[in-house]
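This is model_11.txt (compact mmCIF, C-alpha atoms).
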# COMPACT_ATOMS: atom_id res chain seq x y z
CA MET A 1 9.24 77.07 103.08
CA PRO A 2 6.56 77.25 100.37
CA MET A 3 3.22 78.30 101.81
CA ALA A 4 0.23 76.20 100.91
CA SER A 5 -1.24 79.31 99.23
CA GLN A 6 1.35 78.81 96.53
CA LEU A 7 0.23 75.29 95.76
CA ASN A 8 2.04 73.97 92.78
CA PHE A 9 1.19 70.59 91.31
CA LYS A 10 4.61 70.21 89.74
CA GLU A 11 6.17 70.39 93.18
CA LEU A 12 3.91 67.62 94.45
CA GLN A 13 4.77 65.54 91.38
CA ASP A 14 8.48 65.92 92.07
CA LEU A 15 8.15 65.06 95.75
CA ALA A 16 5.92 62.04 95.13
CA GLY A 17 8.16 60.92 92.26
CA GLU A 18 11.23 61.03 94.45
CA ILE A 19 9.74 59.20 97.40
CA LEU A 20 7.80 56.60 95.43
CA GLY A 21 10.69 56.09 93.03
CA VAL A 22 8.69 56.85 89.87
CA ASP A 23 8.97 59.40 87.05
CA PRO A 24 7.28 62.64 88.27
CA ASP A 25 5.25 62.74 85.02
CA GLN A 26 3.56 59.52 86.07
CA VAL A 27 2.16 61.31 89.12
CA GLN A 28 -1.22 62.45 87.75
CA MET A 29 -4.51 63.26 89.52
CA ASP A 30 -6.26 60.02 88.56
CA LYS A 31 -3.36 57.72 89.45
CA SER A 32 -3.87 55.25 92.25
CA PHE A 33 -1.05 55.06 94.80
CA GLN A 34 -1.27 51.33 95.05
CA ARG A 35 -2.29 50.22 91.54
CA ASP A 36 -0.56 52.75 89.28
CA LEU A 37 2.39 53.95 91.32
CA ALA A 38 3.11 50.65 93.11
CA ALA A 39 3.24 52.42 96.46
CA ASP A 40 2.77 50.20 99.50
CA SER A 41 1.49 51.37 102.89
CA LEU A 42 4.98 52.37 104.03
CA ASP A 43 5.62 54.47 100.90
CA LEU A 44 2.39 56.31 101.56
CA VAL A 45 3.29 57.00 105.20
CA GLU A 46 6.67 58.31 104.07
CA LEU A 47 5.12 60.52 101.40
CA ILE A 48 2.58 61.99 103.82
CA ALA A 49 5.35 62.74 106.33
CA ALA A 50 7.33 64.58 103.64
CA ILE A 51 4.23 66.53 102.60
CA GLU A 52 3.48 67.47 106.21
CA ASP A 53 7.00 68.88 106.49
CA LYS A 54 7.01 70.66 103.15
CA TYR A 55 3.57 72.27 103.35
CA ASP A 56 3.43 72.67 107.13
CA VAL A 57 0.17 70.71 107.41
CA GLU A 58 -0.87 67.70 109.43
CA LEU A 59 -2.83 64.72 108.16
CA PRO A 60 -4.71 62.93 110.95
CA ASP A 61 -3.85 59.20 111.06
CA SER A 62 -7.52 58.39 110.51
CA GLU A 63 -7.42 60.16 107.12
CA LEU A 64 -4.58 58.05 105.79
CA GLU A 65 -6.80 55.23 104.58
CA ASN A 66 -8.85 57.72 102.53
CA MET A 67 -5.85 58.53 100.38
CA LYS A 68 -6.41 56.34 97.34
CA ILE A 69 -5.43 58.48 94.36
CA ILE A 70 -3.25 61.56 93.87
CA ALA A 71 -6.38 63.76 93.65
CA ASP A 72 -7.28 62.79 97.25
CA LEU A 73 -3.98 64.17 98.41
CA TRP A 74 -4.31 67.28 96.24
CA LYS A 75 -7.82 68.00 97.56
CA PHE A 76 -6.55 67.66 101.12
CA LEU A 77 -3.80 70.21 100.42
CA GLU A 78 -6.26 72.58 98.73
CA GLN A 79 -8.61 72.37 101.68
CA LYS A 80 -5.78 73.12 104.11
CA THR A 81 -4.78 76.10 101.97
CA ALA A 82 -8.33 77.44 102.00
CA GLU A 83 -8.53 77.06 105.78
CA ARG A 84 -5.29 78.97 106.13
CA LEU A 85 -6.47 81.84 103.91
CA GLU A 86 -9.66 82.17 105.96
CA ALA A 87 -7.76 82.18 109.22
CA MET B 88 19.06 61.58 97.52
CA ALA B 89 18.62 63.83 100.52
CA ILE B 90 15.24 65.40 101.00
CA THR B 91 15.89 69.01 101.76
CA THR B 92 12.67 70.29 103.30
CA ASN B 93 12.79 71.34 106.92
CA TYR B 94 11.67 68.85 109.48
CA ARG B 95 8.35 69.70 111.11
CA THR B 96 7.50 68.42 114.60
CA ARG B 97 3.95 67.09 114.82
CA SER B 98 1.64 69.01 117.12
CA ASP B 99 0.94 65.96 119.31
CA ALA B 100 4.60 65.03 119.74
CA VAL B 101 6.00 64.93 123.27
CA PRO B 102 8.86 67.33 123.98
CA LEU B 103 12.16 65.50 123.97
CA ARG B 104 14.41 65.26 126.99
CA SER B 105 18.08 65.53 126.14
CA PHE B 106 21.18 66.36 128.08
CA LYS B 107 24.90 66.65 127.81
CA ALA B 108 26.87 64.01 129.73
CA LYS B 109 28.09 65.30 133.10
CA GLY B 110 30.57 64.13 135.70
CA ARG B 111 33.23 61.52 135.08
CA PRO B 112 33.15 60.50 131.38
CA SER B 113 32.61 56.90 130.32
CA ALA B 114 33.07 55.03 127.06
CA ILE B 115 32.53 51.66 125.43
CA ALA B 116 35.76 49.71 125.91
CA GLY B 117 34.80 46.52 124.06
CA VAL B 118 31.87 44.95 122.23
CA GLY B 119 30.98 41.28 121.74
CA VAL B 120 28.12 39.44 120.07
CA TYR B 121 26.60 36.04 119.64
CA ALA B 122 23.94 34.75 117.27
CA PRO B 123 22.63 31.19 117.05
CA ASP B 124 23.91 29.09 114.11
CA LYS B 125 20.47 28.15 112.84
CA ILE B 126 19.30 30.44 110.02
CA ILE B 127 15.84 30.87 108.56
CA THR B 128 15.85 32.52 105.12
CA ASN B 129 12.95 34.24 103.41
CA PHE B 130 12.75 31.20 101.14
CA ASP B 131 12.30 28.98 104.19
CA LEU B 132 9.46 31.26 105.32
CA GLU B 133 7.82 30.99 101.88
CA LYS B 134 7.29 27.31 102.68
CA MET B 135 5.83 28.07 106.12
CA MET B 136 3.36 30.88 105.39
CA ASP B 137 1.80 32.98 102.66
CA THR B 138 4.72 35.30 101.94
CA SER B 139 7.56 35.75 99.47
CA ASP B 140 11.22 36.71 99.49
CA LYS B 141 10.33 39.72 97.31
CA TRP B 142 7.60 40.94 99.68
CA ILE B 143 9.81 40.63 102.77
CA THR B 144 12.91 42.15 101.15
CA GLU B 145 11.10 45.12 99.65
CA ARG B 146 9.22 46.00 102.81
CA THR B 147 11.84 45.26 105.44
CA GLY B 148 15.30 44.69 103.92
CA ILE B 149 15.49 41.37 105.81
CA ARG B 150 16.87 38.26 104.03
CA ARG B 151 17.80 35.95 106.89
CA ARG B 152 17.40 35.74 110.64
CA HIS B 153 19.19 33.60 113.23
CA ILE B 154 16.93 31.46 115.38
CA ALA B 155 17.72 29.75 118.69
CA GLU B 156 17.21 25.99 118.79
CA PRO B 157 14.41 24.78 121.07
CA GLY B 158 15.68 24.72 124.63
CA THR B 159 18.29 27.45 124.08
CA THR B 160 17.78 30.28 126.56
CA THR B 161 18.24 34.04 126.37
CA PHE B 162 20.72 33.62 129.23
CA GLU B 163 22.92 31.34 127.10
CA LEU B 164 23.07 33.78 124.18
CA ALA B 165 23.66 36.69 126.58
CA THR B 166 26.53 34.93 128.37
CA LYS B 167 28.34 34.17 125.11
CA ALA B 168 28.09 37.80 123.99
CA ALA B 169 29.19 38.95 127.46
CA ARG B 170 32.34 36.79 127.44
CA SER B 171 33.24 38.08 124.01
CA ALA B 172 32.79 41.72 125.11
CA LEU B 173 34.95 41.16 128.21
CA ASP B 174 37.68 39.66 125.98
CA ALA B 175 37.46 42.59 123.57
CA ALA B 176 37.81 45.04 126.45
CA GLY B 177 40.48 43.04 128.27
CA VAL B 178 38.40 43.09 131.44
CA SER B 179 38.07 40.29 134.01
CA PRO B 180 34.60 39.44 135.38
CA LYS B 181 36.09 40.11 138.82
CA ASP B 182 36.40 43.78 137.85
CA LEU B 183 32.71 44.21 137.07
CA ASP B 184 30.79 46.56 139.35
CA MET B 185 27.51 46.11 137.56
CA ILE B 186 25.81 43.82 135.04
CA LEU B 187 22.81 45.23 133.18
CA VAL B 188 20.80 43.15 130.74
CA GLY B 189 18.29 44.72 128.39
CA THR B 190 15.80 42.11 127.24
CA SER B 191 12.14 41.75 126.35
CA SER B 192 12.37 37.98 126.26
CA PRO B 193 13.87 36.90 129.60
CA ASP B 194 13.71 33.18 130.30
CA GLY B 195 11.16 33.88 133.05
CA PRO B 196 9.98 36.75 135.26
CA PHE B 197 12.77 36.03 137.74
CA PRO B 198 15.60 35.51 138.49
CA SER B 199 16.97 38.13 136.14
CA VAL B 200 19.13 37.14 133.19
CA ALA B 201 21.74 39.48 134.66
CA CYS B 202 22.02 37.43 137.88
CA ARG B 203 22.39 34.23 135.87
CA ILE B 204 25.25 35.86 133.93
CA GLN B 205 26.84 37.05 137.14
CA ASN B 206 26.84 33.49 138.45
CA GLU B 207 28.09 31.99 135.20
CA LEU B 208 30.93 34.50 134.77
CA ASP B 209 31.78 34.51 138.46
CA ALA B 210 31.55 38.25 138.98
CA PRO B 211 30.86 38.42 142.72
CA GLY B 212 31.40 42.17 142.99
CA ALA B 213 28.67 43.15 140.56
CA VAL B 214 25.14 44.34 141.19
CA ALA B 215 23.00 42.76 138.49
CA TRP B 216 19.58 43.43 137.07
CA ASP B 217 17.50 43.47 133.88
CA THR B 218 16.03 46.51 132.17
CA LEU B 219 12.89 46.17 130.08
CA ALA B 220 12.24 48.83 127.48
CA ALA B 221 11.66 46.58 124.46
CA CYS B 222 13.96 47.50 121.57
CA THR B 223 15.25 50.56 123.49
CA SER B 224 16.50 48.39 126.39
CA PHE B 225 20.14 48.43 125.32
CA VAL B 226 20.35 52.23 125.07
CA TYR B 227 18.51 52.68 128.39
CA ALA B 228 20.91 50.21 130.04
CA LEU B 229 23.90 52.05 128.56
CA SER B 230 22.56 55.29 130.00
CA ILE B 231 22.36 53.69 133.45
CA ALA B 232 25.98 52.53 133.09
CA ASP B 233 27.06 56.03 132.10
CA SER B 234 25.16 57.57 135.05
CA PHE B 235 26.73 55.26 137.63
CA ILE B 236 30.22 55.80 136.23
CA ALA B 237 29.66 59.57 136.00
CA THR B 238 28.76 59.70 139.69
CA GLU B 239 31.66 57.40 140.63
CA ARG B 240 29.41 54.68 141.98
CA ALA B 241 30.83 52.20 139.44
CA ASP B 242 34.00 51.95 137.36
CA THR B 243 33.27 49.04 135.06
CA VAL B 244 29.84 47.98 133.82
CA LEU B 245 28.78 45.15 131.54
CA VAL B 246 25.73 45.99 129.39
CA VAL B 247 24.03 43.20 127.44
CA GLY B 248 21.13 43.15 124.98
CA ALA B 249 19.83 39.63 124.39
CA GLU B 250 16.66 38.18 122.90
CA VAL B 251 15.02 34.92 121.94
CA LEU B 252 12.05 36.51 120.19
CA SER B 253 11.32 33.50 118.00
CA ARG B 254 9.37 32.04 120.91
CA MET B 255 7.02 35.03 120.84
CA LEU B 256 6.19 34.75 117.14
CA ASP B 257 2.97 33.53 115.59
CA TYR B 258 4.08 31.78 112.40
CA SER B 259 0.64 32.29 110.90
CA ASP B 260 1.05 36.11 111.13
CA ARG B 261 3.19 37.09 108.17
CA GLY B 262 3.22 40.72 109.32
CA THR B 263 5.41 39.98 112.35
CA ALA B 264 6.86 36.46 111.98
CA VAL B 265 9.15 37.52 109.12
CA ILE B 266 10.61 40.48 111.02
CA PHE B 267 12.13 39.23 114.25
CA GLY B 268 15.18 37.12 115.03
CA ASP B 269 17.32 35.98 117.95
CA GLY B 270 20.74 37.19 119.07
CA ALA B 271 22.80 38.95 121.71
CA GLY B 272 25.31 41.76 121.95
CA ALA B 273 27.26 43.20 124.86
CA ALA B 274 29.44 46.17 125.67
CA VAL B 275 31.85 46.87 128.52
CA VAL B 276 31.57 50.47 129.67
CA ARG B 277 34.46 52.03 131.62
CA SER B 278 35.55 55.47 132.71
CA ALA B 279 37.21 57.42 129.90
CA PRO B 280 39.45 60.47 129.38
CA LYS B 281 37.75 63.85 129.35
CA GLY B 282 36.09 64.66 126.02
CA ALA B 283 35.81 61.00 124.98
CA GLY B 284 32.97 58.49 125.23
CA PHE B 285 29.32 59.41 125.73
CA LEU B 286 28.81 63.10 124.96
CA SER B 287 25.04 63.43 125.17
CA TRP B 288 21.78 61.54 125.61
CA CYS B 289 18.18 61.76 124.52
CA LEU B 290 15.82 59.40 126.35
CA GLY B 291 12.06 59.34 126.40
CA SER B 292 8.82 57.45 126.56
CA ASP B 293 5.29 58.06 125.33
CA GLY B 294 2.88 55.67 127.01
CA ARG B 295 0.01 56.97 124.87
CA GLY B 296 1.35 54.61 122.23
CA TYR B 297 1.40 51.52 124.47
CA ALA B 298 -0.83 49.53 122.10
CA GLN B 299 1.30 50.01 118.99
CA VAL B 300 3.66 47.10 119.70
CA THR B 301 2.54 44.46 122.18
CA ALA B 302 3.25 40.92 123.33
CA GLY B 303 0.43 39.00 125.00
CA ASN B 304 -2.83 40.07 126.53
CA ILE B 305 -2.24 43.72 127.40
CA GLU B 306 -5.67 44.49 128.87
CA LYS B 307 -5.78 41.60 131.38
CA GLY B 308 -2.04 40.98 131.50
CA ALA B 309 -0.39 37.93 129.95
CA TYR B 310 0.20 36.26 133.33
CA ALA B 311 -3.25 37.03 134.79
CA ALA B 312 -4.95 35.86 131.61
CA LYS B 313 -2.72 32.76 131.63
CA ASP B 314 -1.86 33.66 128.07
CA PRO B 315 -0.29 30.49 126.64
CA ALA B 316 1.49 32.32 123.84
CA PRO B 317 2.24 36.01 124.29
CA PHE B 318 2.73 36.73 120.59
CA ILE B 319 4.21 39.95 119.26
CA ASP B 320 1.65 42.16 117.58
CA MET B 321 2.29 45.46 115.83
CA VAL B 322 0.43 48.31 114.11
CA GLY B 323 2.92 48.56 111.24
CA PRO B 324 2.20 51.96 109.61
CA ASP B 325 1.84 53.74 113.00
CA VAL B 326 5.15 52.35 114.18
CA PHE B 327 6.79 53.30 110.89
CA LYS B 328 5.67 56.89 111.24
CA PHE B 329 6.68 57.12 114.90
CA ALA B 330 10.05 55.50 114.21
CA VAL B 331 11.13 57.74 111.34
CA ASP B 332 9.99 60.77 113.31
CA ILE B 333 11.81 59.86 116.51
CA PHE B 334 15.02 58.88 114.69
CA ILE B 335 15.19 62.35 113.12
CA ARG B 336 14.33 64.22 116.31
CA GLN B 337 16.73 62.21 118.48
CA ALA B 338 19.65 62.67 116.10
CA THR B 339 19.03 66.41 116.06
CA GLU B 340 18.69 66.58 119.85
CA VAL B 341 21.83 64.65 120.82
CA CYS B 342 23.91 66.56 118.29
CA GLN B 343 22.62 69.89 119.57
CA ALA B 344 23.24 68.89 123.20
CA ALA B 345 26.81 67.90 122.34
CA GLY B 346 27.46 70.89 120.09
CA VAL B 347 28.19 68.60 117.13
CA GLY B 348 26.76 69.13 113.64
CA LEU B 349 24.57 66.45 112.05
CA ASP B 350 27.09 66.37 109.20
CA GLU B 351 29.81 65.47 111.71
CA ILE B 352 28.23 62.10 112.49
CA ASP B 353 30.74 59.53 111.22
CA LEU B 354 28.60 56.49 111.90
CA TRP B 355 24.96 56.09 112.82
CA VAL B 356 24.09 52.75 114.42
CA PRO B 357 20.29 52.63 114.45
CA HIS B 358 18.07 49.97 115.94
CA GLN B 359 17.56 47.51 113.08
CA ALA B 360 13.78 47.35 112.92
CA ASN B 361 13.18 47.81 109.22
CA PHE B 362 15.53 49.02 106.48
CA ARG B 363 12.82 51.31 105.13
CA ILE B 364 12.65 53.14 108.47
CA ILE B 365 16.45 53.52 108.59
CA ASP B 366 16.63 54.65 104.97
CA ALA B 367 13.79 57.17 105.28
CA ALA B 368 15.27 58.67 108.45
CA ALA B 369 18.84 58.76 107.07
CA ARG B 370 17.69 60.69 104.00
CA ARG B 371 15.83 63.20 106.13
CA ILE B 372 18.76 63.61 108.54
CA GLY B 373 20.98 64.07 105.48
CA LEU B 374 23.26 61.13 106.26
CA PRO B 375 24.58 59.16 103.29
CA ILE B 376 23.86 55.45 103.73
CA GLU B 377 27.65 54.82 103.75
CA ARG B 378 27.66 56.38 107.22
CA VAL B 379 24.92 54.09 108.54
CA ALA B 380 25.51 50.65 110.05
CA VAL B 381 22.99 48.23 108.59
CA ASN B 382 22.93 44.46 109.05
CA ILE B 383 19.20 43.83 109.25
CA ASP B 384 19.49 41.70 106.10
CA GLU B 385 21.38 39.10 108.15
CA PHE B 386 19.66 39.23 111.55
CA GLY B 387 16.21 40.75 111.16
CA ASN B 388 14.97 42.76 114.13
CA THR B 389 16.67 41.37 117.25
CA SER B 390 15.19 44.07 119.53
CA SER B 391 17.65 44.98 122.30
CA ALA B 392 20.46 43.02 120.61
CA SER B 393 20.30 44.86 117.29
CA ILE B 394 22.40 47.92 118.15
CA PRO B 395 25.37 45.99 119.60
CA LEU B 396 25.15 43.46 116.72
CA ALA B 397 25.41 46.30 114.19
CA LEU B 398 28.06 48.18 116.19
CA GLU B 399 30.27 45.10 116.56
CA GLU B 400 30.14 44.46 112.82
CA ALA B 401 31.08 48.07 112.09
CA ILE B 402 34.06 47.87 114.49
CA ARG B 403 35.17 44.54 113.01
CA LYS B 404 35.05 45.99 109.50
CA GLY B 405 37.19 48.97 110.53
CA ARG B 406 34.39 51.50 110.14
CA VAL B 407 34.96 53.05 113.59
CA LYS B 408 38.11 55.06 114.30
CA SER B 409 39.29 56.80 117.45
CA GLY B 410 37.76 60.29 117.56
CA ASP B 411 34.78 59.38 115.35
CA HIS B 412 31.34 60.64 116.29
CA VAL B 413 29.16 57.55 116.63
CA LEU B 414 25.42 57.88 117.13
CA LEU B 415 23.45 55.00 118.66
CA ALA B 416 19.67 55.32 118.45
CA GLY B 417 16.83 53.02 119.38
CA PHE B 418 13.06 53.04 119.67
CA GLY B 419 10.56 50.43 120.66
CA SER B 420 7.39 49.30 122.32
CA GLY B 421 6.12 51.45 125.18
CA LEU B 422 6.59 53.64 123.25
CA THR B 423 10.20 54.25 124.20
CA TRP B 424 13.26 55.77 122.58
CA GLY B 425 16.86 56.53 123.42
CA ALA B 426 19.94 57.84 121.66
CA THR B 427 23.49 58.75 122.54
CA LEU B 428 26.24 60.52 120.69
CA MET B 429 29.73 59.18 121.45
CA LYS B 430 33.21 60.31 120.60
CA TRP B 431 34.87 56.96 120.04
CA ALA B 432 37.67 56.59 122.59
Take the structure in this file and express it as structure tokens.
Amino acid sequence: MPMASQLNFKELQDLAGEILGVDPDQVQMDKSFQRDLAADSLDLVELIAAIEDKYDVELPDSELENMKIIADLWKFLEQKTAERLEA
Amino acid sequence: MAITTNYRTRSDAVPLRSFKAKGRPSAIAGVGVYAPDKIITNFDLEKMMDTSDKWITERTGIRRRHIAEPGTTTFELATKAARSALDAAGVSPKDLDMILVGTSSPDGPFPSVACRIQNELDAPGAVAWDTLAACTSFVYALSIADSFIATERADTVLVVGAEVLSRMLDYSDRGTAVIFGDGAGAAVVRSAPKGAGFLSWCLGSDGRGYAQVTAGNIEKGAYAAKDPAPFIDMVGPDVFKFAVDIFIRQATEVCQAAGVGLDEIDLWVPHQANFRIIDAAARRIGLPIERVAVNIDEFGNTSSASIPLALEEAIRKGRVKSGDHVLLAGFGSGLTWGATLMKWA
């Protein structure tokens, strides 16, 4: 299992591309889940679940509505990585 | 495409309870179904509320649902499915030791739908009652049948899942009204040769999630509040997450308990709540969709009737052979869940 310390944006692009059914290259920091990637609420839930599994992190349900663009998700993963390195 | 990352159990998840079947084995000896003739398509719904065929199909996989005519009771649907299951199994009502009905939409608080069926079929030797566990009712009722047969307190049990959910729908709420439908399915469960039938079970409940799927005034109680219309209400994304999660964990648990590999599942018959839930879980379990029974496009979510409706179709189409590993799995309001792995007799 890849540790969050080895964060790799390409990996996130591939995972999001597969689950949202879009070309991984379309998955860029400034892209909106809803507007640009045509992801509905269920796609987002599915993507978060896959990310939780892959990176061994947990996103509280209350945080879900804050995930608007890819960068929100990336920042969340970076923060979790930092917490893990400190621990 | 299968998603190959390891599954991670959430920290707040309840531990699952699973066990290998013990005692005298039992198996499904016949399945029967009934759905009302009246059909409401997505295009019909477009005329009734602010929705579209595209929106419903993409989010749920549902294209049509069967709806009971006004005045048609859950008991009537249940009885038709029951007769058909008895025919399929070659069993006389006189041989029934027990009649169990799983339903969330009984015709009233009492008498039970099961007792009405007992009277209608003339099955004087049966003990009859209803089980309420929302969409998990059918699997819970099957597990009761298996337990009574295992302990030799019954030889032949009729298990029915029947719903008229259309009466609990608010046709101004496009989030729920498009999802549910009416129907009934039944199975006759009898003792089976060693090594056949139900191999293992995973049953559970998590009352912390009681508010995720509701019908009526839950704080005061629908009866106490004299709720005129106990409509179904649902927190969609929460249920989606729970459902995918529990489908994966249950499949893993029942296979482990039975000593059968996930790749040895020949047919998965999931509760038909939403195609997206089924598809997401199947990919994570690693099951190709060809090994999954799906008929939600035709019936919508019929709660406790959905598993027998999908199982009957699979049997009719020759998708179930003797010796196949068949996984039934449900989840529903409560929250509740239940799964069983069978070796088809």
Residue neighbourhood Gly17 in chain A, 10 Å, all atoms listed in the file, exclusion window fewer than 4 positions, as a compact mmCIF listing (two decimals) with C-alpha atoms, keeping the file's coordinate frame:
# COMPACT_ATOMS: atom_id res chain seq x y z
CA GLU A 11 6.17 70.39 93.18
CA LEU A 12 3.91 67.62 94.45
CA GLN A 13 4.77 65.54 91.38
CA GLY A 21 10.69 56.09 93.03
CA VAL A 22 8.69 56.85 89.87
CA ASP A 23 8.97 59.40 87.05
CA PRO A 24 7.28 62.64 88.27
CA ASP A 25 5.25 62.74 85.02
CA GLN A 26 3.56 59.52 86.07
CA VAL A 27 2.16 61.31 89.12
CA LEU A 37 2.39 53.95 91.32
CA LEU A 47 5.12 60.52 101.40
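Closest approach to chain B among A:Gln34, A:Ala50, A:Asp14, A:Met29: A:Ala50, based on all atoms listed in the file.
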**Request:** Find the spatial neighbours of Glu63 in chain A, counting only C-alpha atoms, within a cut-off of 10 Å - ignore same-chain residues fewer than 4 positions away - and output them as number ranges by chain.
**Result:** A: 59, 67, 76
**Item:** Near-Ile335 in chain B list (6 Å; all atoms listed in the file; drop same-chain fewer than 2 positions) as a ChimeraX atom specification
**Value:** /B:332-333,337-338,368,372
**Message:** Please list as a PyMOL selection string every residue within 12 Å of Gly348 in chain B, counting all atoms listed in the file and excluding residues in the same chain fewer than 6 positions away.
**Reply:** chain B and resi 338-342+372-374+412+414+428
**Asked** Quick one: which residues from chain A are at most 9 Å off chain B, using all atoms listed in the file, as a PyMOL selection string?
**Response** chain A and resi 1+15+18+40-43+45-46+49-50+52-54+56+58+61
Those same residues - C-alpha atoms - I'd like them written as a PDB file, keeping the file's coordinate frame.
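This went into out_18.pdb:
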ATOM      1  CA  MET A   1       9.240  77.070 103.080  1.00  0.00           C
ATOM      2  CA  LEU A  15       8.150  65.060  95.750  1.00  0.00           C
ATOM      3  CA  GLU A  18      11.230  61.030  94.450  1.00  0.00           C
ATOM      4  CA  ASP A  40       2.770  50.200  99.500  1.00  0.00           C
ATOM      5  CA  SER A  41       1.490  51.370 102.890  1.00  0.00           C
ATOM      6  CA  LEU A  42       4.980  52.370 104.030  1.00  0.00           C
ATOM      7  CA  ASP A  43       5.620  54.470 100.900  1.00  0.00           C
ATOM      8  CA  VAL A  45       3.290  57.000 105.200  1.00  0.00           C
ATOM      9  CA  GLU A  46       6.670  58.310 104.070  1.00  0.00           C
ATOM     10  CA  ALA A  49       5.350  62.740 106.330  1.00  0.00           C
ATOM     11  CA  ALA A  50       7.330  64.580 103.640  1.00  0.00           C
ATOM     12  CA  GLU A  52       3.480  67.470 106.210  1.00  0.00           C
ATOM     13  CA  ASP A  53       7.000  68.880 106.490  1.00  0.00           C
ATOM     14  CA  LYS A  54       7.010  70.660 103.150  1.00  0.00           C
ATOM     15  CA  ASP A  56       3.430  72.670 107.130  1.00  0.00           C
ATOM     16  CA  GLU A  58      -0.870  67.700 109.430  1.00  0.00           C
ATOM     17  CA  ASP A  61      -3.850  59.200 111.060  1.00  0.00           C
TER      18      ASP A  61
END
